[in-house]
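Colleague: Sharing protein08.txt (compact mmCIF, C-alpha atoms) below.
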```txt
# COMPACT_ATOMS: atom_id res chain seq x y z
CA MET F 760 -43.32 137.09 155.67
CA ARG F 761 -42.55 133.40 156.00
CA LEU F 762 -43.55 131.47 159.11
CA ILE F 763 -41.70 128.23 159.82
CA LEU F 764 -43.62 125.97 162.19
CA SER F 765 -42.34 123.22 164.53
CA ASP F 766 -43.36 120.50 162.11
CA ARG F 767 -41.27 122.25 159.40
CA ASP F 768 -44.44 123.37 157.66
CA VAL F 769 -43.94 126.78 156.01
CA ARG F 770 -46.71 129.35 155.78
CA VAL F 771 -46.80 132.78 154.19
CA PHE F 772 -48.42 135.52 156.26
CA GLU F 773 -49.86 138.26 154.05
CA HIS F 774 -50.83 141.01 156.49
CA SER F 775 -47.40 142.40 157.30
CA PRO F 776 -45.99 144.33 159.00
CA ALA F 777 -47.63 142.98 162.14
CA PRO F 778 -46.71 142.29 165.76
CA VAL F 779 -45.90 138.71 166.78
CA GLU F 780 -49.02 138.34 168.91
CA GLN F 781 -51.35 139.37 166.08
CA ILE F 782 -49.67 136.94 163.66
CA LEU F 783 -50.07 134.07 166.12
CA LEU F 784 -53.72 134.84 166.82
CA GLU F 785 -54.54 135.13 163.11
CA GLU F 786 -52.85 131.76 162.59
CA GLY F 787 -54.98 130.26 165.37
CA ILE F 788 -52.03 129.76 167.72
CA ASN F 789 -52.22 130.52 171.44
CA PRO F 790 -49.17 132.74 172.18
CA LEU F 791 -48.69 130.90 175.50
CA GLU F 792 -47.99 127.64 173.69
CA VAL F 793 -45.12 128.81 171.49
CA ILE F 794 -41.95 130.85 171.41
CA VAL F 795 -41.05 132.84 168.33
CA SER F 796 -37.56 133.55 167.01
CA ARG F 797 -35.94 135.42 164.13
CA ASP F 798 -32.33 134.65 163.16
CA GLY F 799 -32.02 132.56 166.31
CA LYS F 800 -33.08 135.45 168.56
CA LEU F 801 -36.13 135.22 170.77
CA LEU F 802 -38.87 137.74 169.98
CA SER F 803 -41.29 139.33 172.42
CA GLU F 804 -44.96 139.39 171.48
CA ASP F 805 -44.97 143.09 170.64
CA THR F 806 -42.09 142.82 168.16
CA VAL F 807 -43.23 143.98 164.72
CA ILE F 808 -42.40 141.59 161.90
CA LEU F 809 -41.77 142.92 158.40
CA ALA F 810 -42.81 141.44 155.08
CA SER F 811 -39.22 140.42 154.30
CA ASP F 812 -38.76 138.56 157.62
CA GLU F 813 -38.69 134.85 158.25
CA VAL F 814 -39.70 133.76 161.74
CA ARG F 815 -39.76 130.40 163.49
CA ILE F 816 -42.73 129.42 165.63
CA ILE F 817 -41.65 126.77 168.11
CA ARG F 818 -44.24 124.76 170.00
CA ILE F 819 -43.18 124.38 173.64
CA ALA F 820 -45.75 121.99 175.06
CA HIS F 821 -44.47 118.43 175.02
CA GLY F 822 -44.99 115.30 177.01
CA GLY F 823 -48.06 113.43 178.10
CA MET Q 1070 -33.70 140.02 178.90
CA THR Q 1071 -31.14 139.33 181.66
CA HIS Q 1072 -33.82 140.71 183.99
CA PHE Q 1073 -36.00 137.82 182.90
CA THR Q 1074 -33.34 135.24 183.83
CA ALA Q 1075 -32.78 136.92 187.19
CA ASP Q 1076 -36.53 137.06 187.87
CA VAL Q 1077 -37.03 133.34 187.15
CA GLU Q 1078 -34.04 132.42 189.34
CA LEU Q 1079 -35.29 134.65 192.15
CA ARG Q 1080 -38.78 133.11 192.06
CA VAL Q 1081 -37.44 129.56 192.05
CA ALA Q 1082 -35.09 130.38 194.93
CA ASP Q 1083 -38.03 131.90 196.79
CA THR Q 1084 -40.20 128.79 196.24
CA ILE Q 1085 -37.38 126.57 197.53
CA LYS Q 1086 -36.81 128.78 200.56
CA THR Q 1087 -40.38 129.53 201.65
CA ARG Q 1088 -41.44 125.90 201.28
CA GLN Q 1089 -38.21 124.64 202.86
CA MET Q 1090 -37.75 122.27 199.95
CA ILE Q 1091 -34.01 121.86 200.35
CA VAL Q 1092 -32.05 122.03 203.60
CA PRO Q 1093 -28.33 121.72 204.37
CA GLN Q 1094 -26.93 118.20 203.95
CA ASP Q 1095 -29.68 117.24 201.50
CA ARG Q 1096 -28.86 114.86 198.68
CA VAL Q 1097 -31.26 115.92 195.93
CA ALA Q 1098 -32.09 113.48 193.15
CA VAL Q 1099 -33.31 115.39 190.10
CA ALA Q 1100 -35.63 113.49 187.77
CA LEU Q 1101 -33.95 114.31 184.47
CA SER Q 1102 -35.76 113.18 181.35
CA GLY Q 1103 -33.63 115.46 179.19
CA GLY Q 1104 -36.71 117.45 178.13
CA LYS Q 1105 -37.10 121.17 178.69
CA ASP Q 1106 -38.55 121.20 182.22
CA SER Q 1107 -36.07 118.83 183.82
CA THR Q 1108 -33.19 120.47 181.94
CA ALA Q 1109 -34.23 123.86 183.33
CA LEU Q 1110 -34.65 122.37 186.80
CA LEU Q 1111 -31.15 120.89 186.85
CA LEU Q 1112 -29.60 124.09 185.49
CA LEU Q 1113 -31.47 126.23 188.02
CA LEU Q 1114 -30.65 124.02 191.00
CA HIS Q 1115 -27.02 123.85 189.91
CA ARG Q 1116 -26.93 127.66 189.84
CA LEU Q 1117 -29.00 128.35 192.92
CA LEU Q 1118 -27.95 125.83 195.54
CA PRO Q 1119 -25.68 127.53 198.03
CA GLU Q 1120 -22.14 126.33 198.27
CA GLY Q 1121 -20.94 125.43 201.71
CA GLU Q 1122 -24.21 123.86 202.81
CA ASP Q 1123 -23.13 120.49 201.51
CA VAL Q 1124 -26.17 119.98 199.29
CA ARG Q 1125 -25.47 117.43 196.58
CA LEU Q 1126 -27.25 116.99 193.26
CA ILE Q 1127 -27.67 113.66 191.49
CA ALA Q 1128 -29.57 113.18 188.23
CA ILE Q 1129 -31.80 110.19 187.56
CA THR Q 1130 -33.05 109.37 184.08
CA ILE Q 1131 -35.74 106.81 183.39
CA ASP Q 1132 -35.56 104.94 180.11
CA GLU Q 1133 -39.15 103.76 179.64
CA GLY Q 1134 -38.35 102.06 176.37
CA ILE Q 1135 -40.23 104.24 173.87
CA ALA Q 1136 -38.72 103.61 170.46
CA GLY Q 1137 -37.80 106.66 168.40
CA TYR Q 1138 -38.36 109.06 171.28
CA ARG Q 1139 -36.36 108.41 174.40
CA GLU Q 1140 -32.95 107.92 172.76
CA GLU Q 1141 -32.53 111.62 171.92
CA THR Q 1142 -33.62 112.92 175.33
CA ILE Q 1143 -31.33 110.46 177.15
CA GLN Q 1144 -28.44 111.69 175.04
CA SER Q 1145 -29.37 115.27 175.92
CA ALA Q 1146 -29.48 114.34 179.65
CA GLU Q 1147 -26.05 112.70 179.42
CA GLN Q 1148 -24.55 115.75 177.74
CA LEU Q 1149 -26.00 118.10 180.36
CA THR Q 1150 -24.85 116.12 183.39
CA GLY Q 1151 -21.42 115.67 181.78
CA ARG Q 1152 -21.14 119.43 181.22
CA LEU Q 1153 -22.24 120.27 184.77
CA GLY Q 1154 -20.24 117.46 186.38
CA ILE Q 1155 -23.28 115.90 188.04
CA GLU Q 1156 -23.53 112.21 188.96
CA HIS Q 1157 -26.03 110.56 186.62
CA HIS Q 1158 -27.94 107.29 187.00
CA CYS Q 1159 -30.16 105.71 184.38
CA ILE Q 1160 -32.88 103.18 185.20
CA SER Q 1161 -34.75 101.28 182.52
CA PHE Q 1162 -38.23 99.81 182.63
CA THR Q 1163 -36.76 96.64 181.10
CA GLY Q 1164 -34.27 96.33 183.96
CA LEU Q 1165 -36.84 97.12 186.66
CA PHE Q 1166 -40.09 95.67 185.33
CA GLY Q 1167 -38.83 93.10 182.81
CA ASP Q 1168 -39.99 94.80 179.61
CA SER Q 1169 -40.19 98.11 177.76
CA LEU Q 1170 -43.17 100.48 177.96
CA ASP Q 1171 -43.82 99.83 174.27
CA ALA Q 1172 -44.22 96.11 175.06
CA PHE Q 1173 -46.46 96.76 178.09
CA LEU Q 1174 -48.69 99.04 176.04
CA THR Q 1175 -49.42 96.74 173.13
CA GLY Q 1176 -53.20 96.91 172.75
CA ARG Q 1177 -53.48 99.39 175.63
CA GLU Q 1178 -52.18 102.53 173.94
CA THR Q 1179 -55.08 104.67 175.15
CA GLN Q 1180 -53.97 104.04 178.76
CA ALA Q 1181 -50.36 104.98 177.96
CA CYS Q 1182 -49.96 108.01 180.21
CA SER Q 1183 -51.62 106.40 183.26
CA ILE Q 1184 -49.55 103.22 182.95
CA CYS Q 1185 -46.32 105.07 182.21
CA GLY Q 1186 -46.95 107.53 185.06
CA ILE Q 1187 -47.35 104.75 187.63
CA MET Q 1188 -44.26 102.87 186.46
CA ARG Q 1189 -42.12 105.97 186.09
CA LYS Q 1190 -43.01 107.12 189.60
CA LYS Q 1191 -41.90 103.75 190.98
CA ALA Q 1192 -38.70 103.80 188.87
CA LEU Q 1193 -37.83 107.26 190.13
CA ALA Q 1194 -38.41 106.23 193.73
CA VAL Q 1195 -36.15 103.21 193.24
CA GLY Q 1196 -33.50 105.36 191.55
CA ALA Q 1197 -33.62 107.98 194.29
CA ARG Q 1198 -33.40 105.32 197.00
CA ARG Q 1199 -30.44 103.61 195.31
CA ALA Q 1200 -28.67 106.98 195.02
CA GLY Q 1201 -29.19 107.65 198.74
CA ALA Q 1202 -31.30 110.74 198.04
CA THR Q 1203 -33.10 112.65 200.77
CA LYS Q 1204 -35.29 114.59 198.27
CA LEU Q 1205 -36.62 113.84 194.81
CA ALA Q 1206 -36.99 116.96 192.64
CA THR Q 1207 -39.21 116.94 189.56
CA GLY Q 1208 -39.60 119.53 186.82
CA HIS Q 1209 -43.37 120.00 187.14
CA ASN Q 1210 -44.16 123.57 186.14
CA LEU Q 1211 -47.14 125.82 186.85
CA ASP Q 1212 -49.01 124.58 183.76
CA ASP Q 1213 -48.51 120.93 184.77
CA GLU Q 1214 -49.67 121.58 188.31
CA ALA Q 1215 -52.73 123.59 187.30
CA GLN Q 1216 -53.64 120.91 184.73
CA SER Q 1217 -53.42 118.25 187.46
CA VAL Q 1218 -55.76 120.25 189.70
CA LEU Q 1219 -58.32 120.51 186.93
CA MET Q 1220 -57.98 116.85 185.93
CA ASN Q 1221 -58.48 115.72 189.54
CA VAL Q 1222 -61.60 117.89 189.73
CA PHE Q 1223 -62.88 116.49 186.41
CA ARG Q 1224 -62.34 112.96 187.76
CA SER Q 1225 -63.77 113.89 191.17
CA ASP Q 1226 -60.58 112.54 192.73
CA LEU Q 1227 -60.46 114.60 195.92
CA PRO Q 1228 -57.90 112.42 197.76
CA ARG Q 1229 -55.44 112.93 194.92
CA LEU Q 1230 -56.26 116.63 194.75
CA VAL Q 1231 -55.24 117.17 198.38
CA ARG Q 1232 -52.35 114.69 198.46
CA ASN Q 1233 -49.07 116.30 199.44
CA SER Q 1234 -45.95 114.26 198.77
CA SER Q 1235 -43.48 117.01 199.65
CA VAL Q 1236 -43.31 116.04 203.31
CA ASP Q 1237 -42.94 112.57 204.74
CA SER Q 1238 -43.08 112.46 208.49
CA SER Q 1239 -43.49 108.68 208.49
CA GLY Q 1240 -40.20 107.92 206.72
CA LYS Q 1241 -42.03 105.76 204.16
CA PHE Q 1242 -40.98 107.62 201.03
CA ILE Q 1243 -38.50 110.20 199.82
CA PRO Q 1244 -40.21 113.61 199.81
CA ARG Q 1245 -40.86 114.95 196.31
CA ILE Q 1246 -40.25 118.62 195.64
CA LYS Q 1247 -41.31 120.78 192.67
CA PRO Q 1248 -39.16 123.93 192.60
CA LEU Q 1249 -40.63 125.06 189.23
CA SER Q 1250 -44.25 124.84 190.34
CA ARG Q 1251 -44.70 128.61 190.11
CA ILE Q 1252 -42.93 129.05 186.76
CA SER Q 1253 -45.03 128.72 183.61
CA GLU Q 1254 -44.13 126.46 180.72
CA LYS Q 1255 -43.55 129.48 178.49
CA GLU Q 1256 -41.23 131.06 181.06
CA ILE Q 1257 -39.22 127.83 181.22
CA ALA Q 1258 -38.86 127.68 177.44
CA THR Q 1259 -37.86 131.36 177.38
CA TYR Q 1260 -35.34 130.83 180.19
CA LEU Q 1261 -33.71 127.97 178.29
CA MET Q 1262 -33.64 129.93 175.04
CA LEU Q 1263 -32.01 132.93 176.73
CA ASN Q 1264 -29.45 130.71 178.40
CA ASP Q 1265 -28.51 128.80 175.21
CA ALA Q 1266 -29.92 125.59 176.62
CA TRP Q 1267 -32.96 125.14 174.39
CA SER Q 1268 -33.09 122.18 172.08
CA GLU Q 1269 -36.05 120.93 170.11
CA LEU Q 1270 -36.69 117.32 170.98
CA PRO Q 1271 -39.25 114.86 169.65
CA GLU Q 1272 -42.67 114.59 171.25
CA CYS Q 1273 -43.69 111.40 173.05
CA PRO Q 1274 -45.69 109.31 170.54
CA TYR Q 1275 -48.24 108.42 173.23
CA THR Q 1276 -49.17 112.04 174.00
CA ARG Q 1277 -52.01 111.95 171.51
CA TYR Q 1278 -53.93 109.57 173.79
CA ALA Q 1279 -53.62 111.77 176.89
CA MET Q 1280 -56.52 113.55 178.56
CA ARG Q 1281 -53.88 116.01 179.76
CA ARG Q 1282 -53.43 117.19 176.19
CA GLU Q 1283 -57.05 118.36 176.04
CA VAL Q 1284 -56.86 119.94 179.49
CA ARG Q 1285 -53.61 121.69 178.56
CA SER Q 1286 -55.20 123.29 175.53
CA LEU Q 1287 -58.33 124.27 177.46
CA LEU Q 1288 -56.38 125.79 180.32
CA SER Q 1289 -53.86 127.68 178.23
CA GLY Q 1290 -56.80 129.21 176.33
CA PHE Q 1291 -58.26 130.38 179.64
CA GLU Q 1292 -54.89 131.63 180.86
CA TYR Q 1293 -54.44 133.69 177.72
CA LYS Q 1294 -57.88 135.27 177.99
CA HIS Q 1295 -57.88 135.53 181.78
CA PRO Q 1296 -54.29 135.83 183.02
CA GLY Q 1297 -53.84 134.38 186.49
CA THR Q 1298 -56.20 131.43 185.97
CA MET Q 1299 -53.48 128.85 186.63
CA LEU Q 1300 -52.26 130.54 189.79
CA HIS Q 1301 -55.86 130.82 191.01
CA LEU Q 1302 -56.31 127.08 190.47
CA MET Q 1303 -53.19 126.42 192.55
CA GLU Q 1304 -54.44 128.74 195.29
CA SER Q 1305 -57.76 126.89 195.29
CA LYS Q 1306 -55.97 123.56 195.65
CA GLU Q 1307 -53.94 124.89 198.57
CA LYS Q 1308 -57.09 126.16 200.29
CA ILE Q 1309 -58.84 122.80 199.83
CA GLU Q 1310 -55.68 121.09 201.09
CA ARG Q 1311 -55.75 123.20 204.27
CA TYR Q 1312 -59.46 122.66 204.86
CA GLY Q 1313 -59.17 118.94 204.12
CA LYS Q 1314 -56.24 118.28 206.44
CA GLY Q 1315 -57.12 115.45 208.82
CA SER Q 1316 -60.55 114.97 207.28
CA VAL Q 1317 -61.90 111.90 205.50
CA ILE Q 1318 -60.72 113.12 202.10
CA SER Q 1319 -57.08 112.83 203.21
CA GLU Q 1320 -56.48 109.11 202.92
CA PRO Q 1321 -54.06 107.70 205.51
CA LEU Q 1322 -50.76 106.32 204.24
CA ARG Q 1323 -50.63 102.52 204.29
CA SER Q 1324 -48.20 99.86 203.07
CA CYS Q 1325 -48.85 97.69 200.01
CA ARG Q 1326 -49.49 94.10 201.08
CA GLU Q 1327 -47.51 92.79 198.10
CA CYS Q 1328 -44.38 94.95 197.98
CA GLY Q 1329 -44.56 97.07 201.13
CA ASP Q 1330 -44.39 100.38 199.25
CA PRO Q 1331 -46.39 103.29 200.66
CA CYS Q 1332 -49.89 103.57 199.21
CA SER Q 1333 -53.41 104.64 200.09
CA GLY Q 1334 -55.17 101.31 199.49
CA ASP Q 1335 -54.53 97.62 200.05
CA LEU Q 1336 -52.24 97.37 197.03
CA CYS Q 1337 -49.99 100.03 195.52
CA GLN Q 1338 -50.60 101.28 191.99
CA VAL Q 1339 -47.70 99.26 190.56
CA CYS Q 1340 -48.92 95.97 192.07
CA LEU Q 1341 -52.47 96.72 190.90
CA LEU Q 1342 -51.08 97.42 187.44
CA ARG Q 1343 -49.01 94.22 187.45
CA GLN Q 1344 -52.17 92.27 188.27
CA SER Q 1345 -54.14 93.92 185.48
CA LEU Q 1346 -51.29 93.40 182.99
CA ASP Q 1347 -50.90 89.83 184.23
CA ARG Q 1348 -47.14 90.29 184.82
```
Any chance you could give the structure as structure tokens?
Modeller:
Amino acid sequence: MRLILSDRDVRVFEHSPAPVEQILLEEGINPLEVIVSRDGKLLSEDTVILASDEVRIIRIAHGG
Amino acid sequence: MTHFTADVELRVADTIKTRQMIVPQDRVAVALSGGKDSTALLLLLHRLLPEGEDVRLIAITIDEGIAGYREETIQSAEQLTGRLGIEHHCISFTGLFGDSLDAFLTGRETQACSICGIMRKKALAVGARRAGATKLATGHNLDDEAQSVLMNVFRSDLPRLVRNSSVDSSGKFIPRIKPLSRISEKEIATYLMLNDAWSELPECPYTRYAMRREVRSLLSGFEYKHPGTMLHLMESKEKIERYGKGSVISEPLRSCRECGDPCSGDLCQVCLLRQSLDR
């Protein structure tokens, strides 16, 4: 599956299918600091992502 | 997912009610940067405030003068207030202090968040006063509040830890309220996404210098591993606040000898800053 990050960086995640939470943890991302969407729809952390999917990982923490 | 929206709205309404943040006839100035927290705050207050109690909302946006960052969020704030039909005032650092934040920070970038925080607080107070507000609402969320508790502990700043600016019995300042203080940052982002109000905006270029950034990362790691950490920090603060009431750690409110603004020392933070910046 393809992961599109907030800085437009694109990563390929090899261990699919996998739930959102597992993907984030394996990518070193704290699930509390991002929201994840697929086709514009928000995904819960237990949603299983397939190899053919493309998901966006949006960082939510901004400001100073 | 509509349950989620209803749950967030119920919890915010409960915070407002139990802490008596807003009462009939209030004129509430909402500090609207155009970012996610203040956008959610304005949307929630617009939805939750009871009709017939004559509570009025006004939005105040501060233009600090941060090139390449603030323009987009101001535009977002203007669009939101236009859509909701809410009176909107914009105050710039240049208009109020004579120069932009970028200019003030030349050579002092590592102090960006402290300097900006002091000036923005003053600008918001001026904006709220000009708008005739009786309350000033800010979008501080649970993460922000818990981070502040931890930062004050790290700095051993007990007076700031127990300071409560939500009530002003002396009439010296407009009480500040934080209706989102029990809603996490992730819940706010989720709420906006579910209500088609999420937009990705640029990050403040000065964030990289902030101690808060390190504390945020530390605390969210703890919260993930030990859910409830942030709420426990807030409960600890409230307990210390209760125990410290009337004691030496609660500094009495005084008036700045230069500008007359309320402060805890001889000079307010803005006048101290002006002296150090030689302005």
Colleague: So that I can see what lies close to region 776-782 of chain F, please list as a list in words the residues with an atom at most 6 Å from it, counting all atoms listed in the file and leaving out residues fewer than 3 positions away in the same chain.
Modeller: Glu785, Glu804, Asp805, Thr806, Val807, Ile808, Leu809 and Ala810 of chain F
Colleague: Return the neighbours of chain F among the residues of chain Q, cut-off 6 Å, counting all atoms listed in the file, as a list in words.
Modeller: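 Contact residues on the first chain: Glu1272, Cys1273, Thr1276 and Ala1279 of chain Q.
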Colleague: If we count all atoms listed in the file, what is near Asp1330 (chain Q) at a cut-off of 10 Å, once residues fewer than 5 positions away on the same chain are taken out, given as a ChimeraX atom specification?
Modeller: /Q:1191,1241-1242,1323-1325,1336-1340
Colleague: Have a look at CA of Leu1174 (chain Q) and CA of Ile1135 (chain Q) and let me know their distance in Å, one decimal.
Modeller: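 Between CA of Leu1174 (chain Q) and CA of Ile1135 (chain Q) the gap is 10.2 Å.
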Colleague: Mind pulling up the distance from CA of Glu1292 (chain Q) to CA of Lys1086 (chain Q)?
Modeller: 26.9 Å
Colleague: For CA of Arg1285 (chain Q) and CA of Leu1211 (chain Q), quote the distance in Å rounded to one decimal.
Modeller: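 Computing the Euclidean distance for CA of Arg1285 (chain Q) and CA of Leu1211 (chain Q) yields 11.3 Å.
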Colleague: Using all atoms listed in the file, which of Q:Ala1098, Q:Leu1126, Q:Ile1155, Q:Leu1110 sits nearest Ala1194 (chain Q)?
Modeller: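 Selected residue with least distance to Ala1194 (chain Q): Q:Ala1098.
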Colleague: Can you list, as a list in words, every protein, DNA or RNA residue that comes within 7 Å of Ile1131 (chain Q) when you count all atoms listed in the file, leaving out same-chain residues fewer than 4 positions away?
Modeller: Ser1102, Cys1159, Ile1160, Ser1161, Arg1189 and Ala1192 of chain Q
Colleague: May I ask which of the residues Q:Gly1313, Q:Pro1248, Q:Gly1334, Q:Gly1297 is the closest one to Leu1117 (chain Q), counting all atoms listed in the file?
Modeller: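 Using all atoms listed in the file, the shortest distance to Leu1117 (chain Q) belongs to Q:Pro1248.
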Colleague: Which polymer residues have any atom within 9 Å of an atom of Ser1268 (chain Q), counting all atoms listed in the file, with same-chain residues fewer than 6 positions away left out, as number ranges by chain?
Modeller: Q: 1104-1105, 1145, 1261-1262
Colleague: So which residues are close to (-36.6, 135.8, 178.3), meaning at most 10 Å away in the file's coordinates with only C-alpha atoms counted, and can you show them as number ranges by chain?
Modeller: F: 801-803; Q: 1070-1077, 1255-1264
